[in-house]
$ cat input.pdb   # PDB, C-alpha atoms and all ligand atoms
ATOM      1  CA  MET A1442      61.009  41.664 128.590
ATOM      2  CA  GLU A1443      59.799  45.255 128.454
ATOM      3  CA  TRP A1444      62.416  47.415 126.695
ATOM      4  CA  LYS A1445      60.836  50.827 127.100
ATOM      5  CA  ASN A1446      63.058  52.975 129.379
ATOM      6  CA  LYS A1447      65.888  50.423 129.177
ATOM      7  CA  THR A1448      69.191  51.667 127.722
ATOM      8  CA  VAL A1449      71.590  49.843 125.438
ATOM      9  CA  VAL A1450      75.031  51.294 124.640
ATOM     10  CA  ILE A1451      76.619  49.920 121.464
ATOM     11  CA  THR A1452      80.224  50.482 120.366
ATOM     12  CA  GLY A1453      81.019  49.983 116.710
ATOM     13  CA  ALA A1454      77.483  51.147 115.925
ATOM     14  CA  SER A1455      78.366  53.005 112.716
ATOM     15  CA  SER A1456      78.157  49.893 110.520
ATOM     16  CA  GLY A1457      77.634  46.134 110.322
ATOM     17  CA  ILE A1458      76.677  44.181 113.424
ATOM     18  CA  GLY A1459      76.508  47.232 115.705
ATOM     19  CA  GLU A1460      74.191  49.063 113.334
ATOM     20  CA  ALA A1461      71.875  46.053 112.969
ATOM     21  CA  THR A1462      71.787  45.548 116.740
ATOM     22  CA  ALA A1463      70.850  49.195 117.279
ATOM     23  CA  GLU A1464      67.996  48.733 114.851
ATOM     24  CA  ARG A1465      66.839  45.580 116.641
ATOM     25  CA  PHE A1466      66.708  47.249 120.052
ATOM     26  CA  THR A1467      65.133  50.572 119.053
ATOM     27  CA  GLY A1468      62.508  48.497 117.266
ATOM     28  CA  GLU A1469      61.680  46.991 120.681
ATOM     29  CA  GLY A1470      61.418  50.436 122.283
ATOM     30  CA  ALA A1471      64.807  50.552 124.023
ATOM     31  CA  ASN A1472      66.851  53.729 124.262
ATOM     32  CA  VAL A1473      70.051  53.193 122.319
ATOM     33  CA  VAL A1474      73.336  55.093 122.449
ATOM     34  CA  LEU A1475      75.300  54.708 119.232
ATOM     35  CA  ALA A1476      79.084  54.987 119.602
ATOM     36  CA  ALA A1477      81.852  54.930 116.990
ATOM     37  CA  ARG A1478      84.390  57.319 115.447
ATOM     38  CA  ARG A1479      82.518  58.132 112.193
ATOM     39  CA  LYS A1480      80.079  60.736 113.451
ATOM     40  CA  GLU A1481      78.381  61.216 110.105
ATOM     41  CA  ARG A1482      77.499  57.539 109.917
ATOM     42  CA  LEU A1483      76.053  57.707 113.425
ATOM     43  CA  GLU A1484      73.996  60.778 112.488
ATOM     44  CA  ASN A1485      72.665  59.012 109.404
ATOM     45  CA  LEU A1486      71.720  55.969 111.462
ATOM     46  CA  GLN A1487      70.083  58.150 114.121
ATOM     47  CA  HIS A1488      68.031  59.738 111.368
ATOM     48  CA  LYS A1489      67.138  56.348 109.871
ATOM     49  CA  LEU A1490      65.930  55.121 113.278
ATOM     50  CA  SER A1491      63.996  58.285 114.142
ATOM     51  CA  ASP A1492      60.591  56.697 113.609
ATOM     52  CA  THR A1493      61.282  53.555 115.667
ATOM     53  CA  PRO A1494      59.729  53.262 119.156
ATOM     54  CA  GLY A1495      63.030  53.741 121.052
ATOM     55  CA  LYS A1496      65.046  56.941 121.476
ATOM     56  CA  VAL A1497      68.465  57.175 119.851
ATOM     57  CA  ALA A1498      71.432  59.256 121.006
ATOM     58  CA  ILE A1499      74.885  59.362 119.450
ATOM     59  CA  LYS A1500      78.321  59.804 120.969
ATOM     60  CA  GLU A1501      81.446  60.009 118.875
ATOM     61  CA  THR A1502      83.824  57.606 120.616
ATOM     62  CA  ASP A1503      87.212  56.093 119.930
ATOM     63  CA  VAL A1504      87.381  52.998 122.148
ATOM     64  CA  THR A1505      91.172  53.198 122.283
ATOM     65  CA  SER A1506      90.745  56.241 124.518
ATOM     66  CA  GLN A1507      89.885  55.277 128.087
ATOM     67  CA  GLN A1508      88.608  58.802 128.732
ATOM     68  CA  GLN A1509      86.281  58.700 125.724
ATOM     69  CA  VAL A1510      84.823  55.379 126.863
ATOM     70  CA  GLU A1511      84.243  56.781 130.381
ATOM     71  CA  ASP A1512      82.607  59.814 128.762
ATOM     72  CA  LEU A1513      80.399  57.503 126.693
ATOM     73  CA  ILE A1514      78.992  55.760 129.760
ATOM     74  CA  ASP A1515      78.550  59.094 131.595
ATOM     75  CA  PHE A1516      76.778  60.469 128.530
ATOM     76  CA  ALA A1517      74.405  57.485 128.410
ATOM     77  CA  ILE A1518      73.571  57.827 132.120
ATOM     78  CA  ASN A1519      72.973  61.579 131.782
ATOM     79  CA  GLU A1520      70.845  61.092 128.714
ATOM     80  CA  PHE A1521      68.760  58.083 129.812
ATOM     81  CA  ASN A1522      69.464  57.694 133.591
ATOM     82  CA  GLN A1523      70.921  54.197 133.358
ATOM     83  CA  VAL A1524      72.807  51.656 131.269
ATOM     84  CA  ASP A1525      71.150  48.245 131.154
ATOM     85  CA  VAL A1526      73.234  46.717 128.374
ATOM     86  CA  LEU A1527      76.747  47.506 127.158
ATOM     87  CA  PHE A1528      77.565  45.885 123.823
ATOM     88  CA  ASN A1529      81.360  45.971 123.391
ATOM     89  CA  ASN A1530      81.282  45.377 119.677
ATOM     90  CA  ALA A1531      83.871  47.708 118.090
ATOM     91  CA  GLY A1532      86.606  45.759 116.380
ATOM     92  CA  LEU A1533      88.867  45.479 113.398
ATOM     93  CA  MET A1534      90.401  42.564 111.535
ATOM     94  CA  PRO A1535      93.442  43.498 109.436
ATOM     95  CA  LEU A1536      94.524  39.885 108.932
ATOM     96  CA  SER A1537      98.138  39.451 107.843
ATOM     97  CA  PHE A1538     100.888  36.878 107.778
ATOM     98  CA  MET A1539     103.313  37.414 110.647
ATOM     99  CA  LYS A1540     106.311  37.321 108.285
ATOM    100  CA  ASN A1541     104.970  40.592 106.810
ATOM    101  CA  ARG A1542     105.496  42.262 110.214
ATOM    102  CA  LYS A1543     102.595  44.718 110.213
ATOM    103  CA  LEU A1544     103.358  45.930 113.707
ATOM    104  CA  ASP A1545     101.048  48.962 113.606
ATOM    105  CA  GLU A1546      98.095  46.706 112.714
ATOM    106  CA  TRP A1547      98.950  44.255 115.496
ATOM    107  CA  GLU A1548      99.001  47.157 117.937
ATOM    108  CA  ARG A1549      95.706  48.579 116.688
ATOM    109  CA  MET A1550      93.999  45.192 117.092
ATOM    110  CA  VAL A1551      95.271  44.948 120.671
ATOM    111  CA  ASP A1552      94.133  48.517 121.353
ATOM    112  CA  VAL A1553      90.616  48.146 119.933
ATOM    113  CA  ASN A1554      89.755  44.456 120.304
ATOM    114  CA  ILE A1555      91.214  43.961 123.797
ATOM    115  CA  LYS A1556      91.833  47.310 125.475
ATOM    116  CA  GLY A1557      88.615  48.794 124.080
ATOM    117  CA  VAL A1558      86.676  45.942 125.700
ATOM    118  CA  LEU A1559      88.498  46.436 129.012
ATOM    119  CA  TYR A1560      87.774  50.170 128.960
ATOM    120  CA  GLY A1561      84.090  49.399 128.429
ATOM    121  CA  ILE A1562      83.994  46.977 131.364
ATOM    122  CA  HIS A1563      85.960  49.431 133.518
ATOM    123  CA  ALA A1564      83.598  52.291 132.722
ATOM    124  CA  VAL A1565      80.272  50.525 133.196
ATOM    125  CA  LEU A1566      80.943  48.127 136.065
ATOM    126  CA  PRO A1567      80.574  50.598 139.001
ATOM    127  CA  HIS A1568      77.207  51.732 137.617
ATOM    128  CA  MET A1569      75.945  48.169 137.122
ATOM    129  CA  MET A1570      77.247  47.030 140.510
ATOM    130  CA  GLU A1571      75.558  49.944 142.238
ATOM    131  CA  ARG A1572      72.254  48.972 140.624
ATOM    132  CA  ASN A1573      73.002  45.240 140.962
ATOM    133  CA  THR A1574      71.752  44.685 137.438
ATOM    134  CA  GLY A1575      73.092  44.928 133.908
ATOM    135  CA  HIS A1576      74.358  42.914 130.971
ATOM    136  CA  ILE A1577      77.765  43.192 129.327
ATOM    137  CA  ILE A1578      78.124  41.654 125.887
ATOM    138  CA  THR A1579      81.296  41.430 123.832
ATOM    139  CA  THR A1580      81.774  40.437 120.219
ATOM    140  CA  SER A1581      84.519  37.838 119.970
ATOM    141  CA  SER A1582      84.649  35.583 116.901
ATOM    142  CA  VAL A1583      84.944  31.985 115.779
ATOM    143  CA  ALA A1584      88.547  33.189 115.526
ATOM    144  CA  GLY A1585      88.363  33.395 119.315
ATOM    145  CA  HIS A1586      87.929  29.605 119.325
ATOM    146  CA  GLU A1587      90.211  28.501 116.499
ATOM    147  CA  ILE A1588      93.188  29.806 114.560
ATOM    148  CA  MET A1589      94.048  30.009 110.868
ATOM    149  CA  PRO A1590      97.147  31.319 109.068
ATOM    150  CA  SER A1591      97.055  35.168 108.864
ATOM    151  CA  GLY A1592      94.848  35.296 111.953
ATOM    152  CA  ALA A1593      97.490  34.951 114.676
ATOM    153  CA  VAL A1594      97.050  38.413 116.151
ATOM    154  CA  TYR A1595      93.337  38.811 115.380
ATOM    155  CA  SER A1596      92.629  35.423 116.961
ATOM    156  CA  GLY A1597      94.882  36.341 119.876
ATOM    157  CA  THR A1598      92.783  39.433 120.549
ATOM    158  CA  LYS A1599      89.497  37.565 120.179
ATOM    159  CA  PHE A1600      90.652  34.691 122.437
ATOM    160  CA  ALA A1601      91.651  37.357 124.973
ATOM    161  CA  ALA A1602      88.302  39.145 124.759
ATOM    162  CA  ARG A1603      86.439  35.868 125.214
ATOM    163  CA  ILE A1604      88.520  34.746 128.199
ATOM    164  CA  ILE A1605      88.279  38.174 129.849
ATOM    165  CA  MET A1606      84.501  37.926 129.515
ATOM    166  CA  GLU A1607      84.522  34.401 130.948
ATOM    167  CA  GLY A1608      86.529  35.608 133.932
ATOM    168  CA  LEU A1609      84.214  38.562 134.414
ATOM    169  CA  GLY A1610      81.197  36.259 134.268
ATOM    170  CA  LYS A1611      82.636  34.027 136.995
ATOM    171  CA  GLU A1612      83.360  37.025 139.215
ATOM    172  CA  MET A1613      79.877  38.436 138.657
ATOM    173  CA  ALA A1614      78.131  35.123 139.338
ATOM    174  CA  ALA A1615      77.048  36.223 142.819
ATOM    175  CA  SER A1616      75.406  39.354 141.416
ATOM    176  CA  ASN A1617      72.587  40.009 138.965
ATOM    177  CA  ILE A1618      75.043  41.217 136.315
ATOM    178  CA  ARG A1619      75.084  38.967 133.263
ATOM    179  CA  THR A1620      77.791  38.472 130.635
ATOM    180  CA  THR A1621      77.654  37.161 127.089
ATOM    181  CA  THR A1622      80.289  36.557 124.437
ATOM    182  CA  ILE A1623      79.034  36.428 120.866
ATOM    183  CA  SER A1624      81.276  34.622 118.380
ATOM    184  CA  PRO A1625      80.203  35.171 114.785
ATOM    185  CA  GLY A1626      81.467  33.280 111.781
ATOM    186  CA  ALA A1627      81.693  35.182 108.498
ATOM    187  CA  VAL A1628      79.244  38.099 108.351
ATOM    188  CA  ALA A1629      78.874  40.370 105.310
ATOM    189  CA  THR A1630      80.130  43.700 106.728
ATOM    190  CA  GLU A1631      82.920  46.196 106.073
ATOM    191  CA  LEU A1632      85.276  44.273 108.381
ATOM    192  CA  THR A1633      87.551  42.885 105.663
ATOM    193  CA  ASP A1634      88.176  46.429 104.331
ATOM    194  CA  THR A1635      90.899  46.786 106.969
ATOM    195  CA  ILE A1636      93.010  43.994 105.398
ATOM    196  CA  THR A1637      96.098  45.504 103.733
ATOM    197  CA  ASP A1638      98.168  42.326 103.301
ATOM    198  CA  LYS A1639      97.996  41.590  99.560
ATOM    199  CA  GLU A1640      98.601  37.857 100.079
ATOM    200  CA  VAL A1641      95.617  37.666 102.441
ATOM    201  CA  GLN A1642      93.429  39.723 100.106
ATOM    202  CA  ASP A1643      94.212  37.223  97.322
ATOM    203  CA  MET A1644      93.571  34.263  99.628
ATOM    204  CA  PHE A1645      90.165  35.701 100.585
ATOM    205  CA  LYS A1646      89.179  36.256  96.943
ATOM    206  CA  ASN A1647      89.691  32.572  96.193
ATOM    207  CA  SER A1648      88.559  30.793  99.326
ATOM    208  CA  PHE A1649      84.918  31.593 100.156
ATOM    209  CA  ASP A1650      82.305  29.458  98.499
ATOM    210  CA  PHE A1651      79.452  29.948 100.956
ATOM    211  CA  THR A1652      76.947  32.669 101.735
ATOM    212  CA  PRO A1653      77.958  34.710 104.769
ATOM    213  CA  LEU A1654      75.582  35.702 107.542
ATOM    214  CA  GLU A1655      73.859  39.062 107.557
ATOM    215  CA  SER A1656      74.443  41.502 110.425
ATOM    216  CA  LYS A1657      70.849  41.097 111.549
ATOM    217  CA  ASP A1658      71.517  37.396 112.233
ATOM    218  CA  ILE A1659      74.009  38.424 114.914
ATOM    219  CA  ALA A1660      71.709  41.169 116.210
ATOM    220  CA  GLU A1661      69.131  38.442 116.740
ATOM    221  CA  ALA A1662      71.610  36.424 118.822
ATOM    222  CA  VAL A1663      72.379  39.477 120.951
ATOM    223  CA  PHE A1664      68.685  40.085 121.454
ATOM    224  CA  TYR A1665      68.110  36.452 122.421
ATOM    225  CA  ALA A1666      70.837  36.618 125.080
ATOM    226  CA  VAL A1667      69.561  39.760 126.778
ATOM    227  CA  ASN A1668      65.914  38.880 126.464
ATOM    228  CA  GLN A1669      66.086  35.804 128.713
ATOM    229  CA  PRO A1670      64.634  35.845 132.239
ATOM    230  CA  LYS A1671      66.912  37.473 134.857
ATOM    231  CA  SER A1672      67.771  34.024 136.230
ATOM    232  CA  VAL A1673      69.210  32.890 132.873
ATOM    233  CA  ASP A1674      72.717  33.930 131.829
ATOM    234  CA  VAL A1675      73.593  33.006 128.248
ATOM    235  CA  ASN A1676      77.383  33.171 128.434
ATOM    236  CA  GLU A1677      78.480  32.068 124.959
ATOM    237  CA  ILE A1678      76.913  32.019 121.517
ATOM    238  CA  ILE A1679      78.624  30.860 118.319
ATOM    239  CA  VAL A1680      76.777  31.637 115.068
ATOM    240  CA  ARG A1681      78.217  30.396 111.786
ATOM    241  CA  PRO A1682      76.860  30.419 108.249
ATOM    242  CA  THR A1683      75.458  26.930 107.770
ATOM    243  CA  GLN A1684      78.061  26.080 105.132
ATOM    244  CA  GLN A1685      81.091  27.563 106.886
ATOM    245  CA  GLY A1686      83.494  24.848 107.998
TER     246      GLY A1686
HETATM  247  O1  LIG B1701      82.471  45.145 111.007
HETATM  248  P1  LIG B1701      82.388  46.675 110.610
HETATM  249  P2  LIG B1701      81.520  44.186 111.878
HETATM  250  N1  LIG B1701      86.723  53.126 118.201
HETATM  251  O2  LIG B1701      83.713  47.010 110.034
HETATM  252  C1  LIG B1701      84.084  50.327 114.866
HETATM  253  C2  LIG B1701      83.440  41.102 114.938
HETATM  254  N2  LIG B1701      83.340  40.004 113.971
HETATM  255  O3  LIG B1701      80.207  44.750 112.121
HETATM  256  O4  LIG B1701      84.895  53.964 114.462
HETATM  257  C3  LIG B1701      85.399  52.955 118.056
HETATM  258  O5  LIG B1701      81.170  46.951 109.819
HETATM  259  C4  LIG B1701      83.750  50.898 113.522
HETATM  260  O6  LIG B1701      83.338  52.253 113.653
HETATM  261  P3  LIG B1701      84.204  53.561 113.202
HETATM  262  C5  LIG B1701      84.501  42.117 114.669
HETATM  263  O7  LIG B1701      85.780  41.698 115.067
HETATM  264  C6  LIG B1701      82.906  40.223 112.719
HETATM  265  O8  LIG B1701      81.627  42.859 111.258
HETATM  266  O9  LIG B1701      83.147  54.539 112.772
HETATM  267  N3  LIG B1701      84.854  52.164 117.137
HETATM  268  C7  LIG B1701      82.582  50.045 113.109
HETATM  269  O10 LIG B1701      81.383  50.590 113.580
HETATM  270  C8  LIG B1701      83.985  43.292 115.483
HETATM  271  O11 LIG B1701      84.411  43.175 116.819
HETATM  272  C9  LIG B1701      82.878  39.180 111.804
HETATM  273  O12 LIG B1701      85.118  53.149 112.101
HETATM  274  C10 LIG B1701      85.687  51.510 116.313
HETATM  275  C11 LIG B1701      82.849  48.722 113.816
HETATM  276  O13 LIG B1701      83.902  48.939 114.769
HETATM  277  C12 LIG B1701      82.482  43.139 115.415
HETATM  278  O14 LIG B1701      82.236  41.840 114.904
HETATM  279  C13 LIG B1701      83.237  37.927 112.194
HETATM  280  C14 LIG B1701      87.070  51.632 116.396
HETATM  281  C15 LIG B1701      83.276  47.646 112.857
HETATM  282  O15 LIG B1701      82.210  47.404 112.017
HETATM  283  C16 LIG B1701      81.773  44.141 114.519
HETATM  284  O16 LIG B1701      82.365  44.145 113.237
HETATM  285  C17 LIG B1701      83.670  37.728 113.476
HETATM  286  C18 LIG B1701      87.581  52.479 117.392
HETATM  287  N4  LIG B1701      88.900  52.687 117.535
HETATM  288  C19 LIG B1701      83.721  38.774 114.366
HETATM  289  N5  LIG B1701      87.632  50.861 115.418
HETATM  290  C20 LIG B1701      82.492  39.365 110.373
HETATM  291  N6  LIG B1701      81.990  40.531 109.979
HETATM  292  O17 LIG B1701      82.657  38.414 109.588
HETATM  293  C21 LIG B1701      86.615  50.272 114.770
HETATM  294  O18 LIG B1701      84.036  36.506 113.819
HETATM  295  N7  LIG B1701      85.437  50.659 115.291
END

$ encode --input "input.pdb" --output "structure tokens"
Amino acid sequence: MEWKNKTVVITGASSGIGEATAERFTGEGANVVLAARRKERLENLQHKLSDTPGKVAIKETDVTSQQQVEDLIDFAINEFNQVDVLFNNAGLMPLSFMKNRKLDEWERMVDVNIKGVLYGIHAVLPHMMERNTGHIITTSSVAGHEIMPSGAVYSGTKFAARIIMEGLGKEMAASNIRTTTISPGAVATELTDTITDKEVQDMFKNSFDFTPLESKDIAEAVFYAVNQPKSVDVNEIIVRPTQQG
């Protein structure tokens, strides 16, 4: 597929999987809009990608604000005329045991991991339907397929994101709009920095005896999904480290 003049909007682009995916697509010549709250990180990434074939624009965005997500899509259309791919990737994972009652963290996960995805779909769908083309991708998780202690709410949000995407895919089947859910296993990113539950922090220190994936491994899966012929819709991808159970 020719990526020149195609536009990819990525939320959660200031680090980890979003950052690596931005790099993958600008390397192919796509225009990429980087969105996240940490503007300085976006500016640094924009600078880092300045000599890649694609153009890079940044938009400070908090995905818990419906208005900011609408503004993000409007910005991308103004800047590059169209949105071909929306990657709903922003997320956080403050795992905790339910007995520790971290209500504010539960609410933040619902706001970012579920409502942020819905705001993205809501904002981009009219544009994609008008053009009868487009690809919406959402980062779920292996935690969107299975549950472990401390992951009740995180898994709940990732199950929800995955099922919302499945429903969207079924509704869009008659159109040329494609949908993909990416479910990573453990990836070495900043994601675990949001864990404040001491018991979970201790559990994590003692339990991992395998090498996690790198963000670029997930970027490759995203690229695979969107790079298929128009008649092929890759709806679900699970990518685990080989040794993760
Ligand atoms: O983690 P990290 P990942 N509004 O912390 C952004 C899923 N996943 O790359 O706003 C807008 O480096 C935040 O930006 P900032 C995971 O659930 C991962 O691993 O500047 N953006 C940052 O760019 C998530 O959905 C693993 O702080 C907001 C990004 O989100 C996705 O992968 C395993 C935001 C997080 O980047 C990317 O996470 C798995 C907001 N309100 C699923 N809040 C894994 N790493 O092991 C956060 O199964 N962000």

$ residues_around --input "input.pdb" --residues "A:Gly1686" --least-positions-apart "5" --cutoff "10 Å" --atoms "only C-alpha atoms" --output "PyMOL selection string"
chain A and resi 1626+1651+1681

$ closest_residue --input "input.pdb" --among "A:Thr1633, A:Asn1676, A:Thr1620, A:Asn1573" --to "ligand LIG 1701 (chain B)" --atoms "only C-alpha atoms and all ligand atoms"
A:Thr1633

$ residues_around --input "input.pdb" --residues "A:Asn1446" --least-positions-apart "3" --cutoff "8 Å" --atoms "all atoms listed in the file" --output "ChimeraX atom specification"
/A:1470-1472,1521

$ closest_residue --input "input.pdb" --among "A:Ala1463, A:Ile1518, A:Ile1451, A:Ile1679" --to "A:Gly1561" --atoms "all atoms listed in the file"
A:Ile1451

$ atom_distance --input "input.pdb" --atom1 "atom O18 of ligand LIG 1701 (chain B)" --atom2 "atom CA of A:Ser1506"
23.4 Å

$ atom_distance --input "input.pdb" --atom1 "atom CA of A:Leu1483" --atom2 "atom O6 of ligand LIG 1701 (chain B)"
9.1 Å

$ resolve_selection --input "input.pdb" --expression "the PyMOL selection byres (((not hetatm)) within 6 of (chain B and resi 1701))" --output "ChimeraX atom specification"
/A:1452-1459,1477-1479,1502-1505,1530-1534,1553,1580-1584,1624-1632

$ axis_aligned_box --input "input.pdb" --around "stretch 1635-1652 of chain A" --padding-each-side "8 Å" --output "lines of an AutoDock Vina configuration file"
center_x = 87.8
center_y = 38.1
center_z = 101.6
size_x = 37.7
size_y = 33.3
size_z = 26.8

$ residues_around --input "input.pdb" --residues "A:Asp1515" --least-positions-apart "3" --cutoff "12 Å" --atoms "all atoms listed in the file" --output "ChimeraX atom specification"
/A:1450,1474,1500,1508-1512,1518-1524,1561,1564-1565,1567-1568

$ closest_atom_pairs --input "input.pdb" --of "stretch 1563-1627 of chain A" --to "stretch 1666-1674 of chain A" --cutoff "9 Å" --atoms "only C-alpha atoms" --output "JSON lines"
{"residue": "A:His1576", "atom": "CA", "partner": "A:Val1667", "partner_atom": "CA", "distance": 7.1}
{"residue": "A:Ile1578", "atom": "CA", "partner": "A:Val1667", "partner_atom": "CA", "distance": 8.8}
{"residue": "A:Asn1617", "atom": "CA", "partner": "A:Lys1671", "partner_atom": "CA", "distance": 7.5}
{"residue": "A:Ile1618", "atom": "CA", "partner": "A:Asp1674", "partner_atom": "CA", "distance": 8.9}
{"residue": "A:Arg1619", "atom": "CA", "partner": "A:Asp1674", "partner_atom": "CA", "distance": 5.7}
{"residue": "A:Thr1620", "atom": "CA", "partner": "A:Asp1674", "partner_atom": "CA", "distance": 6.9}
{"residue": "A:Thr1621", "atom": "CA", "partner": "A:Ala1666", "partner_atom": "CA", "distance": 7.1}

$ write_last_selection --input "input.pdb" --atoms "C-alpha atoms" --output "compact mmCIF listing (two decimals), keeping the file's coordinate frame"
# COMPACT_ATOMS: atom_id res chain seq x y z
CA HIS A 1576 74.36 42.91 130.97
CA ILE A 1578 78.12 41.65 125.89
CA ASN A 1617 72.59 40.01 138.96
CA ILE A 1618 75.04 41.22 136.32
CA ARG A 1619 75.08 38.97 133.26
CA THR A 1620 77.79 38.47 130.64
CA THR A 1621 77.65 37.16 127.09

$ atom_distance --input "input.pdb" --atom1 "atom CA of A:His1563" --atom2 "atom CA of A:Gln1507"
8.9 Å

$ resolve_selection --input "input.pdb" --expression "the PyMOL selection byres (((chain A and resi 1592) around 9) and not hetatm)" --output "PyMOL selection string"
chain A and resi 1534-1539+1584+1588-1591+1593-1597

$ closest_residue --input "input.pdb" --among "A:Ile1514, A:Met1613, A:Val1558, A:Val1449" --to "A:Lys1599" --atoms "all atoms listed in the file"
A:Val1558

$ closest_residue --input "input.pdb" --among "A:Asp1525, A:Glu1469, A:Glu1460, A:Asp1545" --to "A:Arg1572" --atoms "only C-alpha atoms"
A:Asp1525

$ residues_around --input "input.pdb" --residues "A:Lys1480" --least-positions-apart "4" --cutoff "10 Å" --atoms "only C-alpha atoms" --output "list of chain:residue names"
A:Ser1455, A:Leu1475, A:Ala1476, A:Glu1484, A:Asn1485, A:Leu1486, A:Ile1499, A:Lys1500, A:Glu1501, A:Thr1502

$ closest_residue --input "input.pdb" --among "A:Trp1444, A:Thr1574, A:Lys1646, A:Lys1489" --to "A:Ala1461" --atoms "only C-alpha atoms"
A:Lys1489

$ closest_residue --input "input.pdb" --among "A:Ser1616, A:Ser1491, A:Thr1467, A:Asn1554" --to "A:Met1570" --atoms "all atoms listed in the file"
A:Ser1616
